[in-house]
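A.B. asks: Take this structure first; my questions come after.
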Amino acid sequence: MGFTTKDDRFLEQEKAIARVLGSDKKSRHLVPSWQDIDVLESINKAVKPLQDFTDALSGEAYVSVSYIKPVLHLFKTSLLQPEEEATELTETIKTNILRYLDEKYSNPVTDELLDMSSLMDPRSRTTYIDPGKVEQVKKRAVTELMSLPVPAEKSTPQQPGLAVQVCQEAQPPPNKKMTLASFFKKNVPLPSPHQSGAGKIETELATYLLTPEADPDTDPLQWWKHHEPNFPRLSNLAKKYLSIPATSAPSERVFSVGGWHCYMQQAMPQARGSRQACIPCQKFVKKKKTKTKDSIASTSRPVHLLKFNVDYAMHADV
């Protein structure tokens with residue numbers, strides 16, 4: 001579920017807000033005029049299509065970094081394109097958003113990271129990479145794979161006598177007539193036993209790029225787990241890049257929750273995360289009520305925060 005913008009909420013409750021503000025003489029001047037409504041509608045029309053993408057890119061339970069390139073492409077070609085019925089303010093906002101995104105992702109280091117993450121995503125690969133940079137991205141992938149340790153080959157145990165039986169039964173396949181479909185099949189390169197390390201990596205990368213693209217709903221990490229025996233080197237590179245979050249929201253949530261727990265432990269070290277941690281704090285606040293109003297406000301405020309933190313910790317299992 002995507003979040004709702006404040007402008008969207010205000011527009012949904014416009015009549016109720018105007019009635020409440022207009023019922024009092026002191027707040028009647030705050031009733032929004034038609035000019036204010038037009039401005040809010042223009043802003044909402046430009047920003048509302050982007051809210052679902054913002055929510056999705058802030059997730060932490062799935063791969064998100066490889067979505068940045070496709071999302072930027074969608075913004076530039078569809079969602080932020082000029083519309084005939086749009087107001088001038090809406091078009092100005094869209095233009096400024098595109099300019100900001102271009103400046104934000106114009107850094108060569110960031111662009112290379114996004115290209116590598118797109119290459120390692122079996123759903124997109126080179127689709128959203130600049131055609132002039134595809135070969136450069138491939139070379140960088142080969143260079144990085146050369147620096148990584150060679151994965152151990154997993155050998156499957158063979159039954160005794162099986163190899164001899166296969167050699168005896170193996171016969172050259174009969175000549176088949178060429179069909180029309182055979183001209184459109186992709187020739188998958190096979191690794192040679194005499195290839196160098198770089199040659200094996202290039203063959204593995206070429207084979208990966210020739211395999212069919214995965215469905216958009218496919219989990220890239222599950223795809224690589226299933227195809228790791230076929231691409232042992234590339235799977236290590238995929239783990240390196242696809243584990244990067246697209247935004248800083250997941251790390252900010254971790255620090256936020258950690259800060260609340262540190263505060264709870266400092267305030268109530270004897271509670272140790274129990275639900276009964278609020279009881280001593282409530283007694284402490286009741287004793288402090290004999291002081292001034294400022295001291296009561298300063299001592300009573302953490303009670304609500306402490307209750308929230310304890311309940312959240314019990315349900316979140318953090």
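Letters for chains follow the order of the structure tokens (A, B, ...), residue numbers begin at 1 for each chain, and ligand numbers begin at 1 in the order shown.
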If you count only C-alpha atoms, which residues fall within 9 Å of Thr126 (chain A), apart from same-chain ones fewer than 5 positions away, as a ChimeraX atom specification?
C.D. replies: /A:115,118-119,131,134,209
A.B. asks: Since we have the selection now, will you write its residues out, keeping all heavy atoms, as a compact mmCIF listing (two decimals), in the first residue's frame?
C.D. replies:
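selection17.txt, freshly written:
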# COMPACT_ATOMS: atom_id res chain seq x y z
N ASP A 115 24.59 0.67 -13.01
CA ASP A 115 24.75 -0.19 -14.20
C ASP A 115 25.11 -1.62 -13.80
O ASP A 115 24.58 -2.59 -14.37
CB ASP A 115 25.81 0.38 -15.13
CG ASP A 115 25.34 1.62 -15.86
OD1 ASP A 115 24.11 1.81 -15.98
OD2 ASP A 115 26.18 2.43 -16.30
N SER A 118 22.07 -3.32 -12.34
CA SER A 118 21.13 -3.69 -13.40
C SER A 118 21.62 -4.91 -14.17
O SER A 118 20.83 -5.78 -14.55
CB SER A 118 20.94 -2.51 -14.36
OG SER A 118 20.37 -1.41 -13.70
N LEU A 119 22.93 -4.98 -14.40
CA LEU A 119 23.49 -6.13 -15.11
C LEU A 119 23.30 -7.42 -14.32
O LEU A 119 23.04 -8.48 -14.91
CB LEU A 119 24.98 -5.89 -15.37
CG LEU A 119 25.73 -6.99 -16.13
CD1 LEU A 119 25.23 -7.08 -17.56
CD2 LEU A 119 27.23 -6.74 -16.09
N PRO A 131 23.43 1.95 -24.30
CA PRO A 131 24.07 1.03 -25.26
C PRO A 131 25.55 1.30 -25.46
O PRO A 131 26.33 0.36 -25.71
CB PRO A 131 23.28 1.25 -26.56
CG PRO A 131 21.94 1.74 -26.10
CD PRO A 131 22.21 2.56 -24.87
N VAL A 134 27.58 -0.57 -22.53
CA VAL A 134 27.38 -1.99 -22.24
C VAL A 134 28.72 -2.73 -22.20
O VAL A 134 29.00 -3.51 -21.26
CB VAL A 134 26.43 -2.62 -23.27
CG1 VAL A 134 26.36 -4.14 -23.07
CG2 VAL A 134 25.03 -2.02 -23.13
N LEU A 209 24.06 -13.66 -20.25
CA LEU A 209 23.34 -12.64 -21.01
C LEU A 209 22.49 -13.25 -22.12
O LEU A 209 21.56 -12.59 -22.60
CB LEU A 209 24.34 -11.65 -21.62
CG LEU A 209 25.11 -10.79 -20.60
CD1 LEU A 209 26.13 -9.90 -21.33
CD2 LEU A 209 24.16 -9.92 -19.78
A.B. asks: Just the residues within 10 Å of Ser124 (chain A), please, counting only C-alpha atoms, with nothing from its chain fewer than 6 positions along; format it as a list in words.
C.D. replies: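 Neighbouring residues, sequence-local ones excluded: Ser66, Tyr67, Lys69, Pro70, Ser117, Ser118, Glu213, Ala214, Asp215 and Pro216 of chain A.
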A.B. asks: A:Leu21, A:Ile129, A:Thr90, A:Gln222: which is nearest Leu72 (chain A), counting only C-alpha atoms?
C.D. replies: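 Closest residue, counting only C-alpha atoms: A:Ile129.
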A.B. asks: So, counting only C-alpha atoms, which residue among A:Ser64, A:Lys239, A:Pro229, A:Ala46 is closest to Gln81 (chain A)?
C.D. replies: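 Of all the options, A:Ala46 lies closest to Gln81 (chain A).
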A.B. asks: Pick out the residues sitting within 8 Å of Ala238 (chain A), and hand them over as a count of residues only; count only C-alpha atoms, and ignore anything fewer than 2 positions along from it in its own chain.
C.D. replies: 10
A.B. asks: Quick check, in Å to one decimal: how far apart do CA of Ala246 (chain A) and CA of Ile93 (chain A) lie?
C.D. replies: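 Distance reported for this atom pair: 23.3 Å.
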A.B. asks: Identify which of the residues A:Leu57, A:Ile43, A:Met146, A:Leu205 lies closest to Lys94 (chain A), counting only C-alpha atoms when measuring atom-to-atom distances.
C.D. replies: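 With only C-alpha atoms as the atom set, the closest residue is A:Ile43.
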A.B. asks: Which one of A:Thr207, A:Asn44, A:Val254, A:Ile68 sits closest to Thr110 (chain A) if you count only C-alpha atoms?
C.D. replies: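 Smallest distance to Thr110 (chain A) is found for A:Ile68.
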A.B. asks: So that I can check the surroundings of Leu40 (chain A), please list as a VMD selection string every protein, DNA and RNA residue that reaches within 9 Å of it, counting only C-alpha atoms and ignoring chain neighbours fewer than 4 positions away.
C.D. replies: chain A and resid 7 to 8 10 to 11 35 to 36 44 to 45
A.B. asks: Please report the interatomic distance between CA of Phe231 (chain A) and CA of Gly197 (chain A) in Å with one decimal.
C.D. replies: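 Atom-to-atom, CA of Phe231 (chain A) to CA of Gly197 (chain A), that is 14.0 Å.
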